[in-house]
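> The following file, work19.cif, comprises mmCIF, C-alpha atoms:
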```
data_query
#
loop_
_atom_site.label_atom_id
_atom_site.label_comp_id
_atom_site.auth_asym_id
_atom_site.auth_seq_id
_atom_site.Cartn_x
_atom_site.Cartn_y
_atom_site.Cartn_z
CA MET F 1 6.59 -6.90 -3.80
CA LYS F 2 9.10 -4.47 -2.36
CA GLU F 3 10.78 -2.09 -4.77
CA LYS F 4 14.53 -2.55 -4.37
CA ASN F 5 16.56 0.45 -3.19
CA ALA F 6 13.76 2.90 -3.92
CA TYR F 7 13.43 4.56 -0.55
CA ILE F 8 14.62 4.05 3.01
CA LEU F 9 11.08 3.22 4.19
CA GLY F 10 10.00 1.33 1.09
CA THR F 11 7.23 2.09 -1.41
CA ASP F 12 4.49 -0.37 -0.49
CA ALA F 13 0.85 0.41 0.35
CA GLU F 14 1.63 0.90 4.03
CA GLU F 15 4.29 3.46 3.21
CA LEU F 16 1.99 5.22 0.76
CA HIS F 17 -0.53 5.65 3.58
CA ARG F 18 2.19 6.85 5.95
CA LEU F 19 3.31 9.45 3.43
CA GLY F 20 -0.29 10.63 3.16
CA VAL F 21 -0.47 11.13 6.92
CA GLN F 22 2.92 12.86 6.85
CA HIS F 23 1.77 15.22 4.13
CA GLN F 24 -1.37 16.17 6.03
CA VAL F 25 0.76 17.06 9.06
CA TRP F 26 3.18 19.18 7.04
CA ALA F 27 0.94 20.52 4.26
CA GLU F 28 0.37 23.92 5.88
CA GLU F 29 4.13 24.42 6.25
CA ALA F 30 4.69 23.56 2.58
CA GLN F 31 1.92 25.90 1.47
CA LEU F 32 3.33 28.73 3.57
CA GLY F 33 6.75 28.23 2.02
CA TRP F 34 5.26 28.35 -1.47
CA ARG F 35 3.44 31.57 -0.65
CA LEU F 36 6.60 33.14 0.78
CA ALA F 37 8.40 32.23 -2.44
CA ASN F 38 5.48 33.59 -4.47
CA PHE F 39 4.98 30.45 -6.53
CA HIS F 40 2.19 31.36 -8.94
CA ALA F 41 0.31 30.60 -12.15
CA GLY F 42 2.33 30.16 -15.30
CA GLN F 43 5.53 29.04 -13.62
CA THR F 44 7.52 25.85 -14.12
CA ILE F 45 8.25 24.29 -10.74
CA LEU F 46 10.41 21.25 -9.97
CA ASP F 47 9.25 18.92 -7.20
CA LEU F 48 12.53 17.22 -6.38
CA GLY F 49 11.88 13.86 -4.75
CA SER F 50 8.17 14.01 -5.46
CA GLY F 51 7.36 10.57 -4.07
CA PRO F 52 3.79 9.62 -4.98
CA GLY F 53 2.93 13.26 -5.63
CA PHE F 54 1.10 14.77 -2.67
CA CYS F 55 2.93 18.09 -3.07
CA THR F 56 3.17 17.79 -6.85
CA LYS F 57 -0.60 17.78 -7.13
CA GLU F 58 -0.97 20.90 -4.98
CA LEU F 59 1.79 22.71 -6.85
CA ALA F 60 0.10 21.84 -10.16
CA TYR F 61 -3.03 23.65 -9.04
CA ILE F 62 -0.89 26.67 -8.09
CA VAL F 63 0.85 26.94 -11.49
CA GLY F 64 -2.40 26.24 -13.32
CA GLN F 65 -2.96 25.28 -16.94
CA SER F 66 -0.43 27.86 -18.10
CA GLY F 67 2.32 26.40 -15.91
CA LYS F 68 3.91 23.03 -15.28
CA VAL F 69 5.26 20.94 -12.43
CA ILE F 70 8.07 18.45 -13.00
CA GLY F 71 7.97 15.64 -10.45
CA ILE F 72 11.17 13.61 -10.20
CA ASP F 73 11.61 10.51 -8.06
CA ARG F 74 13.75 7.40 -8.16
CA SER F 75 10.81 5.13 -7.32
CA ALA F 76 9.15 3.75 -10.44
CA ALA F 77 6.10 2.80 -8.39
CA TYR F 78 5.63 6.32 -7.08
CA ILE F 79 6.11 7.86 -10.52
CA GLU F 80 3.40 5.56 -11.86
CA HIS F 81 1.18 6.76 -9.01
CA LEU F 82 1.97 10.37 -9.95
CA LYS F 83 1.09 9.67 -13.58
CA GLN F 84 -2.30 8.39 -12.43
CA ILE F 85 -2.85 11.61 -10.47
CA GLN F 86 -1.89 13.64 -13.52
CA SER F 87 -4.36 11.74 -15.70
CA LEU F 88 -7.20 11.66 -13.17
CA TYR F 89 -7.10 15.37 -12.38
CA HIS F 90 -5.96 16.61 -15.83
CA LEU F 91 -3.02 18.51 -14.36
CA ASN F 92 0.09 19.82 -16.11
CA ILE F 93 2.58 17.45 -14.49
CA ASP F 94 5.63 15.84 -16.04
CA ALA F 95 6.35 12.71 -14.01
CA MET F 96 9.99 11.71 -14.41
CA HIS F 97 11.49 8.48 -13.11
CA ALA F 98 15.15 9.25 -12.50
CA ASP F 99 17.92 9.12 -9.96
CA PHE F 100 18.94 12.67 -9.10
CA ASP F 101 22.46 11.96 -10.36
CA HIS F 102 21.06 11.19 -13.80
CA MET F 103 18.11 13.57 -14.05
CA GLU F 104 18.12 15.79 -17.12
CA LEU F 105 16.99 19.38 -16.61
CA GLU F 106 17.05 22.03 -19.30
CA ASP F 107 19.18 25.08 -18.51
CA ASN F 108 17.28 28.25 -17.64
CA SER F 109 13.95 26.40 -17.56
CA LEU F 110 12.78 26.47 -13.92
CA ASP F 111 11.05 29.27 -12.03
CA GLY F 112 11.22 27.40 -8.77
CA MET F 113 12.01 24.18 -6.94
CA TYR F 114 10.55 22.51 -3.88
CA CYS F 115 11.96 19.56 -1.99
CA ARG F 116 11.15 17.99 1.36
CA TRP F 117 13.27 15.24 2.94
CA ALA F 118 14.99 14.59 -0.38
CA LEU F 119 18.51 15.84 0.42
CA ALA F 120 19.09 14.11 3.77
CA TRP F 121 19.56 10.73 2.10
CA LEU F 122 22.06 11.85 -0.54
CA PRO F 123 25.85 11.56 -0.37
CA ASN F 124 26.15 14.61 -2.67
CA PRO F 125 23.39 17.14 -1.89
CA LYS F 126 25.41 20.17 -3.00
CA GLU F 127 26.10 18.57 -6.38
CA ILE F 128 22.40 17.87 -6.88
CA LEU F 129 21.42 21.39 -5.85
CA GLN F 130 24.00 22.74 -8.29
CA LYS F 131 22.26 20.85 -11.10
CA VAL F 132 18.96 22.45 -10.09
CA TYR F 133 20.65 25.87 -9.83
CA THR F 134 21.90 25.56 -13.41
CA ALA F 135 18.38 24.75 -14.58
CA MET F 136 16.84 27.73 -12.80
CA LYS F 137 16.11 31.07 -14.42
CA PRO F 138 17.58 34.21 -12.84
CA GLY F 139 15.28 35.10 -9.96
CA GLY F 140 14.19 31.49 -9.53
CA LYS F 141 13.62 30.33 -5.97
CA MET F 142 14.29 27.14 -4.08
CA VAL F 143 12.06 26.19 -1.15
CA ILE F 144 13.67 23.40 0.86
CA HIS F 145 12.33 21.64 3.96
CA GLU F 146 14.81 19.39 5.75
CA TYR F 147 15.72 18.29 9.27
CA TYR F 148 17.76 20.77 11.30
CA ASP F 149 18.26 18.57 14.38
CA TRP F 150 16.75 15.09 14.45
CA SER F 151 18.06 14.55 17.99
CA THR F 152 15.38 16.93 19.31
CA HIS F 153 12.91 14.07 18.83
CA GLN F 154 11.85 13.27 22.41
CA ILE F 155 8.94 11.89 24.42
CA GLU F 156 7.38 12.89 27.73
CA PRO F 157 7.21 10.98 29.98
CA ASN F 158 10.34 9.06 29.11
CA LEU F 159 9.74 5.37 28.37
CA PRO F 160 13.13 3.65 28.06
CA GLU F 161 11.97 1.04 25.54
CA LEU F 162 10.69 3.69 23.14
CA SER F 163 13.58 6.10 23.73
CA LYS F 164 16.02 3.31 22.88
CA ALA F 165 14.29 2.73 19.55
CA ILE F 166 14.27 6.46 18.77
CA ALA F 167 18.02 6.56 19.42
CA ALA F 168 18.54 3.49 17.22
CA ALA F 169 16.64 5.16 14.37
CA LEU F 170 18.85 8.23 14.63
CA GLN F 171 21.99 6.08 14.64
CA SER F 172 20.82 4.28 11.51
CA PHE F 173 20.39 7.65 9.80
CA LYS F 174 23.83 8.80 10.91
CA ASP F 175 25.31 5.60 9.48
CA SER F 176 23.67 6.22 6.10
CA PRO F 177 25.53 7.89 3.21
CA GLY F 178 23.63 11.17 3.67
CA GLU F 179 23.47 13.78 6.42
CA ILE F 180 20.19 13.57 8.34
CA ASP F 181 20.58 17.16 9.61
CA ILE F 182 21.38 18.59 6.17
CA GLY F 183 19.01 21.48 6.88
CA ARG F 184 21.56 23.28 9.03
CA GLU F 185 24.06 23.21 6.15
CA LEU F 186 21.71 24.57 3.50
CA PRO F 187 22.17 28.30 4.15
CA ARG F 188 25.92 27.92 3.67
CA ILE F 189 25.53 25.68 0.63
CA SER F 190 23.07 28.13 -0.93
CA LYS F 191 25.47 31.03 -0.51
CA GLU F 192 28.38 29.01 -1.86
CA MET F 193 26.35 28.46 -5.03
CA GLY F 194 25.83 32.21 -5.33
CA MET F 195 22.22 32.28 -4.16
CA GLU F 196 20.64 34.86 -1.87
CA VAL F 197 19.02 33.33 1.20
CA LEU F 198 15.67 35.07 1.53
CA ASN F 199 14.16 33.26 4.48
CA LEU F 200 15.06 30.82 7.24
CA ARG F 201 12.28 29.40 9.38
CA LEU F 202 12.45 26.73 12.04
CA MET F 203 9.45 24.41 12.04
CA SER F 204 8.48 22.38 15.09
CA LYS F 205 5.62 19.99 15.77
CA LEU F 206 4.38 18.93 19.19
CA ALA F 207 2.32 15.75 18.99
CA LEU F 208 -0.37 15.01 21.55
CA PRO F 209 -2.31 11.73 21.81
CA GLY F 210 -5.34 11.88 19.56
CA ASN F 211 -4.27 14.74 17.30
CA LEU F 212 -3.21 14.36 13.68
CA THR F 213 0.44 15.15 14.37
CA TRP F 214 0.60 12.12 16.68
CA GLN F 215 -0.11 9.87 13.73
CA TRP F 216 3.09 10.99 12.00
CA PRO F 217 5.59 9.46 14.47
CA ARG F 218 3.21 6.60 15.23
CA THR F 219 3.08 5.46 11.60
CA PHE F 220 6.82 6.02 11.23
CA TYR F 221 7.61 3.81 14.23
CA ARG F 222 5.44 0.97 12.97
CA SER F 223 7.01 1.13 9.54
CA TYR F 224 10.66 1.72 10.40
CA TYR F 225 11.32 -0.11 13.66
CA PRO F 226 10.93 -3.59 12.12
CA ARG F 227 13.48 -2.49 9.54
CA LEU F 228 15.86 -1.59 12.37
CA ALA F 229 15.65 -5.21 13.49
CA GLU F 230 16.42 -6.37 9.95
CA MET F 231 19.47 -4.08 9.90
CA GLY F 232 20.66 -5.21 13.33
CA TYR F 233 20.10 -2.00 15.28
CA LEU F 234 17.42 -3.57 17.47
CA SER F 235 16.31 -7.08 18.34
CA GLU F 236 12.80 -8.17 17.43
CA LYS F 237 11.92 -8.10 21.13
CA GLU F 238 13.20 -4.53 21.43
CA VAL F 239 11.04 -3.53 18.47
CA SER F 240 8.02 -5.17 20.07
CA ASP F 241 8.76 -3.50 23.41
CA ALA F 242 9.11 -0.11 21.72
CA LEU F 243 5.76 -0.41 19.94
CA VAL F 244 4.05 -1.51 23.16
CA ALA F 245 5.63 1.50 24.87
CA MET F 246 4.23 3.76 22.16
CA ASP F 247 0.76 2.37 22.85
CA ARG F 248 1.33 2.99 26.55
CA LEU F 249 2.50 6.54 25.90
CA GLU F 250 -0.64 7.18 23.89
CA GLN F 251 -2.76 6.17 26.88
CA THR F 252 -0.79 8.30 29.35
CA PRO F 253 -2.60 11.48 30.48
CA GLY F 254 -0.57 14.56 29.61
CA ALA F 255 1.85 12.72 27.32
CA SER F 256 3.57 14.59 24.51
CA LEU F 257 6.02 13.90 21.74
CA PHE F 258 8.33 16.52 20.25
CA CYS F 259 9.01 15.80 16.58
CA PRO F 260 12.45 16.38 15.04
CA MET F 261 13.19 20.05 14.38
CA MET F 262 12.86 21.09 10.74
CA ILE F 263 14.06 24.15 8.86
CA GLU F 264 12.77 25.96 5.81
CA VAL F 265 15.33 27.58 3.54
CA ILE F 266 14.17 29.84 0.73
CA ALA F 267 16.97 30.94 -1.60
CA GLN F 268 16.94 32.90 -4.84
CA LYS F 269 19.21 32.70 -7.87
#
```
If you took the structure in this file and wrote it as structure tokens, what would it be?


Amino acid sequence: MKEKNAYILGTDAEELHRLGVQHQVWAEEAQLGWRLANFHAGQTILDLGSGPGFCTKELAYIVGQSGKVIGIDRSAAYIEHLKQIQSLYHLNIDAMHADFDHMELEDNSLDGMYCRWALAWLPNPKEILQKVYTAMKPGGKMVIHEYYDWSTHQIEPNLPELSKAIAAALQSFKDSPGEIDIGRELPRISKEMGMEVLNLRLMSKLALPGNLTWQWPRTFYRSYYPRLAEMGYLSEKEVSDALVAMDRLEQTPGASLFCPMMIEVIAQK
């Protein structure tokens, strides 16, 4: 059964697997951001938009038994999954099922916050970040990973059927209530809130057939393109043609795929 309105790509078993692949591709970038922000034992860290908890689990090991990680997500299914992780590994995790608009955070309670691809889907990202800011202690740090320019997502060689589907995906994001390229706005938003921007880092991924990074767009296409047909951005034939083109690209010697450009923003209260 699909969970209604939980997430743009759903919360079923296929999406859980896709998120696992995605995390493996981006785990080293997340871990570097946490080190740059000096997340450490004894802290209370918020994982905003935790999903099923891939990052929450790692953060819980960083803060240790003397610290705590609060994982918040609007998907009840993913929060149940996170609760199972907490129980299985005996980690100090508070799993909270809540929409960001209604999440309750204690003032002056957080040492840090991490979020990845949580803000791009919101109509009010600054308002949500302001709520987190209020809950942070002086000196607390936000580590945020979001898209800087999704339009950089390109393939070589160009296959028109696949390029058309990539463009349709971007258009669907642009038509959503959020801002897919929210990453480029975050330095300004952070400063408007009174935070000091400590670090900006562009993050790029070049996928080659056979490597792990390749599995990230591949699993995304197979999950999201059928949804584009449901929403009217592509016909079912165009979806089929795009997926066949992806298979063809994978078999093309020297093929490459440039993933959408990301940015890391680290800001301190």

> Distance cut-off 10 Å, centre (-3.8, 7.2, 22.0) in file coordinates, counting only C-alpha atoms: which residues qualify? Return them as a PyMOL selection string.

chain F and resi 208-211+214-215+218+246-253+255

> Any idea what the distance is between atom CA of Arg184 of chain F and atom CA of Glu127 of chain F?

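Going from atom CA of Arg184 of chain F over to atom CA of Glu127 of chain F, I get 16.7 Å.
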
> Do a neighbour search on Leu119 of chain F at 8 Å with all atoms listed in the file, toss out local chain neighbours closer than 5 positions, and write the hits as a list in words.

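After dropping sequence-adjacent residues, the list is Pro125, Glu146, Gly178 and Ile182 of chain F.
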
> Could you list, as a ChimeraX atom specification, every residue within 7 Å of Ala245 of chain F, counting all atoms listed in the file and ignoring same-chain residues fewer than 3 positions away?

/F:159,161-162,241-242,248-249

> Would you pick out the contacts of segment 219-228 of chain F at 7 Å or less, using all atoms listed in the file, so that residues sharing its chain but fewer than 5 positions from it are not included, and give the list as a short mmCIF file (atom, residue, chain, number, x, y, z; two decimals) with C-alpha atoms, keeping the file's coordinate frame?


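Output below, filename part04.cif:
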```cif
data_model
loop_
_atom_site.label_atom_id
_atom_site.label_comp_id
_atom_site.auth_asym_id
_atom_site.auth_seq_id
_atom_site.Cartn_x
_atom_site.Cartn_y
_atom_site.Cartn_z
CA LEU F 9 11.08 3.22 4.19
CA ARG F 18 2.19 6.85 5.95
CA TYR F 233 20.10 -2.00 15.28
CA LEU F 234 17.42 -3.57 17.47
CA VAL F 239 11.04 -3.53 18.47
#
```

> Please evaluate the PyMOL selection byres ((chain F and resi 110-114) around 6) against the displayed coordinates and give the resulting residues as a list in words.

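When the PyMOL selection byres ((chain F and resi 110-114) around 6) is applied, the selected residues are Gln43, Thr44, Ile45, Leu46, Asp47, Ser109, Cys115, Ala135, Met136, Lys137, Gly140, Lys141, Met142, Val143 and Ile144 of chain F.
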
> Quick one: write out the picked residues with C-alpha atoms as a CSV table (one decimal), keeping the file's coordinate frame?


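Saved to part.csv:
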```csv
chain,number,residue,atom,x,y,z
F,43,GLN,CA,5.5,29.0,-13.6
F,44,THR,CA,7.5,25.8,-14.1
F,45,ILE,CA,8.2,24.3,-10.7
F,46,LEU,CA,10.4,21.2,-10.0
F,47,ASP,CA,9.2,18.9,-7.2
F,109,SER,CA,14.0,26.4,-17.6
F,115,CYS,CA,12.0,19.6,-2.0
F,135,ALA,CA,18.4,24.8,-14.6
F,136,MET,CA,16.8,27.7,-12.8
F,137,LYS,CA,16.1,31.1,-14.4
F,140,GLY,CA,14.2,31.5,-9.5
F,141,LYS,CA,13.6,30.3,-6.0
F,142,MET,CA,14.3,27.1,-4.1
F,143,VAL,CA,12.1,26.2,-1.2
F,144,ILE,CA,13.7,23.4,0.9
```

> Given the file above and the PyMOL selection byres ((chain F and resi 68-82) around 8), which residues are selected, and can you give them as an mmCIF file with C-alpha atoms, in the frame of the given file?


```cif
data_model
loop_
_atom_site.group_PDB
_atom_site.id
_atom_site.type_symbol
_atom_site.label_atom_id
_atom_site.label_comp_id
_atom_site.auth_asym_id
_atom_site.auth_seq_id
_atom_site.Cartn_x
_atom_site.Cartn_y
_atom_site.Cartn_z
ATOM 1 C CA GLU F 3 10.780 -2.090 -4.770
ATOM 2 C CA ALA F 6 13.760 2.900 -3.920
ATOM 3 C CA TYR F 7 13.430 4.560 -0.550
ATOM 4 C CA THR F 11 7.230 2.090 -1.410
ATOM 5 C CA GLY F 42 2.330 30.160 -15.300
ATOM 6 C CA GLN F 43 5.530 29.040 -13.620
ATOM 7 C CA THR F 44 7.520 25.850 -14.120
ATOM 8 C CA ILE F 45 8.250 24.290 -10.740
ATOM 9 C CA LEU F 46 10.410 21.250 -9.970
ATOM 10 C CA ASP F 47 9.250 18.920 -7.200
ATOM 11 C CA LEU F 48 12.530 17.220 -6.380
ATOM 12 C CA GLY F 49 11.880 13.860 -4.750
ATOM 13 C CA SER F 50 8.170 14.010 -5.460
ATOM 14 C CA GLY F 51 7.360 10.570 -4.070
ATOM 15 C CA PRO F 52 3.790 9.620 -4.980
ATOM 16 C CA GLY F 53 2.930 13.260 -5.630
ATOM 17 C CA THR F 56 3.170 17.790 -6.850
ATOM 18 C CA LEU F 59 1.790 22.710 -6.850
ATOM 19 C CA ALA F 60 0.100 21.840 -10.160
ATOM 20 C CA VAL F 63 0.850 26.940 -11.490
ATOM 21 C CA GLY F 64 -2.400 26.240 -13.320
ATOM 22 C CA GLN F 65 -2.960 25.280 -16.940
ATOM 23 C CA SER F 66 -0.430 27.860 -18.100
ATOM 24 C CA GLY F 67 2.320 26.400 -15.910
ATOM 25 C CA LYS F 83 1.090 9.670 -13.580
ATOM 26 C CA GLN F 84 -2.300 8.390 -12.430
ATOM 27 C CA ILE F 85 -2.850 11.610 -10.470
ATOM 28 C CA GLN F 86 -1.890 13.640 -13.520
ATOM 29 C CA ASN F 92 0.090 19.820 -16.110
ATOM 30 C CA ILE F 93 2.580 17.450 -14.490
ATOM 31 C CA ASP F 94 5.630 15.840 -16.040
ATOM 32 C CA ALA F 95 6.350 12.710 -14.010
ATOM 33 C CA MET F 96 9.990 11.710 -14.410
ATOM 34 C CA HIS F 97 11.490 8.480 -13.110
ATOM 35 C CA ALA F 98 15.150 9.250 -12.500
ATOM 36 C CA ASP F 99 17.920 9.120 -9.960
ATOM 37 C CA PHE F 100 18.940 12.670 -9.100
ATOM 38 C CA MET F 103 18.110 13.570 -14.050
#
```

> Do you know which residues are at most 12 Å from Val197 of chain F counting all atoms listed in the file, after dropping those on the same chain fewer than 6 positions away, and could you put them as a PyMOL selection string?

chain F and resi 37+139-144+186-191+264-269

> Could you check the closest approach to Pro177 of chain F for each of F:Phe39, F:Glu238, F:Asn124, F:Arg116 and tell me which residue wins, using all atoms listed in the file?

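When distances to Pro177 of chain F are compared using all atoms listed in the file, the smallest one comes from F:Asn124.
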
> Dig up all the protein and nucleic acid residues within 10 Å of (4.1, 21.5, 2.3) in the file frame, using all atoms listed in the file, and format them as a PDB file with C-alpha atoms, in the coordinates of the input.


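Contents of the output file point.pdb:
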```
ATOM      1  CA  GLN F  22       2.920  12.860   6.850  1.00  0.00           C
ATOM      2  CA  HIS F  23       1.770  15.220   4.130  1.00  0.00           C
ATOM      3  CA  GLN F  24      -1.370  16.170   6.030  1.00  0.00           C
ATOM      4  CA  VAL F  25       0.760  17.060   9.060  1.00  0.00           C
ATOM      5  CA  TRP F  26       3.180  19.180   7.040  1.00  0.00           C
ATOM      6  CA  ALA F  27       0.940  20.520   4.260  1.00  0.00           C
ATOM      7  CA  GLU F  28       0.370  23.920   5.880  1.00  0.00           C
ATOM      8  CA  GLU F  29       4.130  24.420   6.250  1.00  0.00           C
ATOM      9  CA  ALA F  30       4.690  23.560   2.580  1.00  0.00           C
ATOM     10  CA  GLN F  31       1.920  25.900   1.470  1.00  0.00           C
ATOM     11  CA  LEU F  32       3.330  28.730   3.570  1.00  0.00           C
ATOM     12  CA  GLY F  33       6.750  28.230   2.020  1.00  0.00           C
ATOM     13  CA  TRP F  34       5.260  28.350  -1.470  1.00  0.00           C
ATOM     14  CA  PHE F  54       1.100  14.770  -2.670  1.00  0.00           C
ATOM     15  CA  CYS F  55       2.930  18.090  -3.070  1.00  0.00           C
ATOM     16  CA  THR F  56       3.170  17.790  -6.850  1.00  0.00           C
ATOM     17  CA  GLU F  58      -0.970  20.900  -4.980  1.00  0.00           C
ATOM     18  CA  LEU F  59       1.790  22.710  -6.850  1.00  0.00           C
ATOM     19  CA  TYR F 114      10.550  22.510  -3.880  1.00  0.00           C
ATOM     20  CA  CYS F 115      11.960  19.560  -1.990  1.00  0.00           C
ATOM     21  CA  ARG F 116      11.150  17.990   1.360  1.00  0.00           C
ATOM     22  CA  VAL F 143      12.060  26.190  -1.150  1.00  0.00           C
ATOM     23  CA  ILE F 144      13.670  23.400   0.860  1.00  0.00           C
ATOM     24  CA  HIS F 145      12.330  21.640   3.960  1.00  0.00           C
TER      25      HIS F 145
END
```

> Figure out the distance between atom CA of Phe173 of chain F and atom CA of Glu192 of chain F, please, to one decimal in Å.

25.6 Å

> For the atom pair atom CA of Asn108 of chain F and atom CA of Met195 of chain F, what is the interatomic distance in Å to one decimal place?

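Taking atom CA of Asn108 of chain F and atom CA of Met195 of chain F, their separation equals 14.9 Å.
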
> If you count only C-alpha atoms, which residues fall within 8 Å of Ser256 of chain F, apart from same-chain ones fewer than 3 positions away, as a list in words?

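Using only C-alpha atoms, the neighbours found are Ile155, Glu156, Pro157, Leu206, Ala207, Leu208 and Pro209 of chain F.
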
> Nearest to Tyr147 of chain F among F:Leu122, F:Pro260, F:Arg35, F:Ala168, with distances taken over only C-alpha atoms: which residue is it?

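Comparing F:Leu122, F:Pro260, F:Arg35, F:Ala168 against Tyr147 of chain F, the winner is F:Pro260.
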
> Point out the residue among F:His102, F:Lys205, F:Lys174, F:Lys57 with the least atom-to-atom distance to Leu257 of chain F, counting only C-alpha atoms.

F:Lys205

> Take the PyMOL selection byres ((chain F and resi 171) around 12), run it mentally on this structure, and tell me the resulting residues as a VMD selection string.

chain F and resid 150 to 151 164 to 170 172 to 176 179 to 180 228 231 to 234

> Would you compute the box with edges along x, y and z of the file around segment 125-139 of chain F, including every atom the file lists for it and 3 Å extra on each side, and give its centre and edge lengths in Å to one decimal, as lines of an AutoDock Vina configuration file?


```
center_x = 20.7
center_y = 26.1
center_z = -8.2
size_x = 16.8
size_y = 24.0
size_z = 18.7
```
